[in-house]
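A.B. asks: One structure coming up, written as structure tokens, with questions to follow.
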Amino acid sequence: MYDSKARYVRSLFSKVPLEYDLLLGLLSFGQDRKWRAFVIEQAEPLPESVVLDVATGTGLLAADFANAISNQGLVVGVDLTLSMLQTAKERLRQKGLDGRTDWVLARAENLPFRDDCFRSASISLALRNVSDARLTFREMARATIPCRDLSRLRAAPEQGIPIILL
């Protein structure tokens with residue numbers, strides 16, 4: 001199925017994986033670290049948690065989750081852009097977190113996971129980049145154990161502040 005938005009997003013983000021983190025820090029005035037820390041705090045990952053990070057990009061939030069769990073846990077980062085996943089994989093390998101992470105090339109609207117296999121799921125600053133937000137949330141909920149956490153972090157451009165929905 002052809003999806004012009006997914007094609008555009010993949011093309012756009014394929015060109016910027018090395019600059020993305022720097023741009024995010026600059027555009028958020030360095031607040032992105034605090035926003036991610038808040039998401040981790042709210043998700044309360046256990047040492048053995050299996051966590052899904054949708055639209056993981058360069059793996060910034062995945063790294064924070066990986067730091068919060070033990071070697072018994074796992075963070076699975078999903079993105080539709082191969083170069084972003086390659087960047088995330090290498091950066092987390094350099095931080096010694098590769099044993100706690102795995103990477104999957106997939107669309108947020110069609111997650112390739114069985115039902116109820118993650119303790120929590122997140123999407124950070126990327127909901128505007130998916131073709132169908134409702135389907136993305138439905139997929140995240142399907143793959144997450146019932147009554148567990150779905151986290152969404154987005155910037156409110158009008159006020160320049162994050163909005164976190166749990």
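By order in the structure tokens, chains are A, B, ...; within a chain, residues start at 1; ligands start at 1, following the order shown.
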Excluding stretch 63-72 of chain A and its own-chain neighbours fewer than 6 positions away, which residues fall within 8 Å of it when counting only C-alpha atoms? Please give them as a ChimeraX atom specification.

C.D. replies: /A:36-37,40,45-49,51,92,97,99-101

A.B. asks: Write the residues of the preceding selection, restricted to N, CA and C atoms, as a PDB file, in the first residue's frame.

C.D. replies:
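again.pdb, written as the output of this step:
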ATOM      1  N   ARG A  36      12.201  13.522  28.649  1.00  0.00           N
ATOM      2  CA  ARG A  36      12.419  12.071  28.613  1.00  0.00           C
ATOM      3  C   ARG A  36      12.518  11.508  30.026  1.00  0.00           C
ATOM      4  N   ALA A  37      13.192  12.214  30.910  1.00  0.00           N
ATOM      5  CA  ALA A  37      13.309  11.749  32.298  1.00  0.00           C
ATOM      6  C   ALA A  37      11.924  11.638  32.936  1.00  0.00           C
ATOM      7  N   ILE A  40      10.214   8.439  31.690  1.00  0.00           N
ATOM      8  CA  ILE A  40      10.770   7.264  32.372  1.00  0.00           C
ATOM      9  C   ILE A  40      10.199   7.173  33.795  1.00  0.00           C
ATOM     10  N   PRO A  45       9.618   1.746  34.863  1.00  0.00           N
ATOM     11  CA  PRO A  45      10.044   0.436  34.366  1.00  0.00           C
ATOM     12  C   PRO A  45      10.698  -0.402  35.465  1.00  0.00           C
ATOM     13  N   LEU A  46      10.356  -1.665  35.501  1.00  0.00           N
ATOM     14  CA  LEU A  46      10.963  -2.606  36.432  1.00  0.00           C
ATOM     15  C   LEU A  46      12.253  -3.137  35.824  1.00  0.00           C
ATOM     16  N   PRO A  47      13.141  -3.702  36.636  1.00  0.00           N
ATOM     17  CA  PRO A  47      14.417  -4.201  36.092  1.00  0.00           C
ATOM     18  C   PRO A  47      14.254  -5.201  34.953  1.00  0.00           C
ATOM     19  N   GLU A  48      13.186  -5.994  34.994  1.00  0.00           N
ATOM     20  CA  GLU A  48      12.982  -7.000  33.943  1.00  0.00           C
ATOM     21  C   GLU A  48      11.955  -6.561  32.899  1.00  0.00           C
ATOM     22  N   SER A  49      11.626  -5.303  32.846  1.00  0.00           N
ATOM     23  CA  SER A  49      10.620  -4.794  31.906  1.00  0.00           C
ATOM     24  C   SER A  49      11.011  -5.024  30.457  1.00  0.00           C
ATOM     25  N   VAL A  51      10.073  -3.107  27.117  1.00  0.00           N
ATOM     26  CA  VAL A  51       9.520  -1.792  26.786  1.00  0.00           C
ATOM     27  C   VAL A  51       9.556  -1.580  25.280  1.00  0.00           C
ATOM     28  N   LEU A  92      23.813   3.318  21.061  1.00  0.00           N
ATOM     29  CA  LEU A  92      23.588   2.538  22.282  1.00  0.00           C
ATOM     30  C   LEU A  92      24.652   1.455  22.457  1.00  0.00           C
ATOM     31  N   LEU A  97      24.864  -0.377  25.989  1.00  0.00           N
ATOM     32  CA  LEU A  97      23.465  -0.740  26.215  1.00  0.00           C
ATOM     33  C   LEU A  97      22.914  -1.687  25.159  1.00  0.00           C
ATOM     34  N   GLY A  99      23.108  -4.835  24.837  1.00  0.00           N
ATOM     35  CA  GLY A  99      22.538  -6.062  25.377  1.00  0.00           C
ATOM     36  C   GLY A  99      21.133  -5.892  25.914  1.00  0.00           C
ATOM     37  N   ARG A 100      20.691  -4.650  26.062  1.00  0.00           N
ATOM     38  CA  ARG A 100      19.356  -4.361  26.593  1.00  0.00           C
ATOM     39  C   ARG A 100      18.422  -3.811  25.523  1.00  0.00           C
ATOM     40  N   THR A 101      18.876  -3.771  24.281  1.00  0.00           N
ATOM     41  CA  THR A 101      18.080  -3.148  23.226  1.00  0.00           C
ATOM     42  C   THR A 101      18.009  -4.033  21.985  1.00  0.00           C
TER      43      THR A 101
END

A.B. asks: In Å, with one decimal, what is the gap from atom CA of A:Glu90 to atom CA of A:Asn129?

C.D. replies: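 Interatomic distance here is 23.4 Å.
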
A.B. asks: What is the distance, in Å and to one decimal place, between atom CA of A:Arg107 and atom CA of A:Val130?

C.D. replies: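 The value is 8.2 Å.
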
A.B. asks: Point out the residue among A:Ser122, A:Gln31, A:Asn110, A:Thr81 with the least atom-to-atom distance to A:Glu139, counting only C-alpha atoms.

C.D. replies: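 Under the stated criterion, the closest residue is A:Asn110.
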
A.B. asks: Residues near stretch 77-80 of chain A, anyone? I mean within 6 Å using only C-alpha atoms, not counting same-chain ones fewer than 3 positions away, as a ChimeraX atom specification.

C.D. replies: /A:53-56,103-107
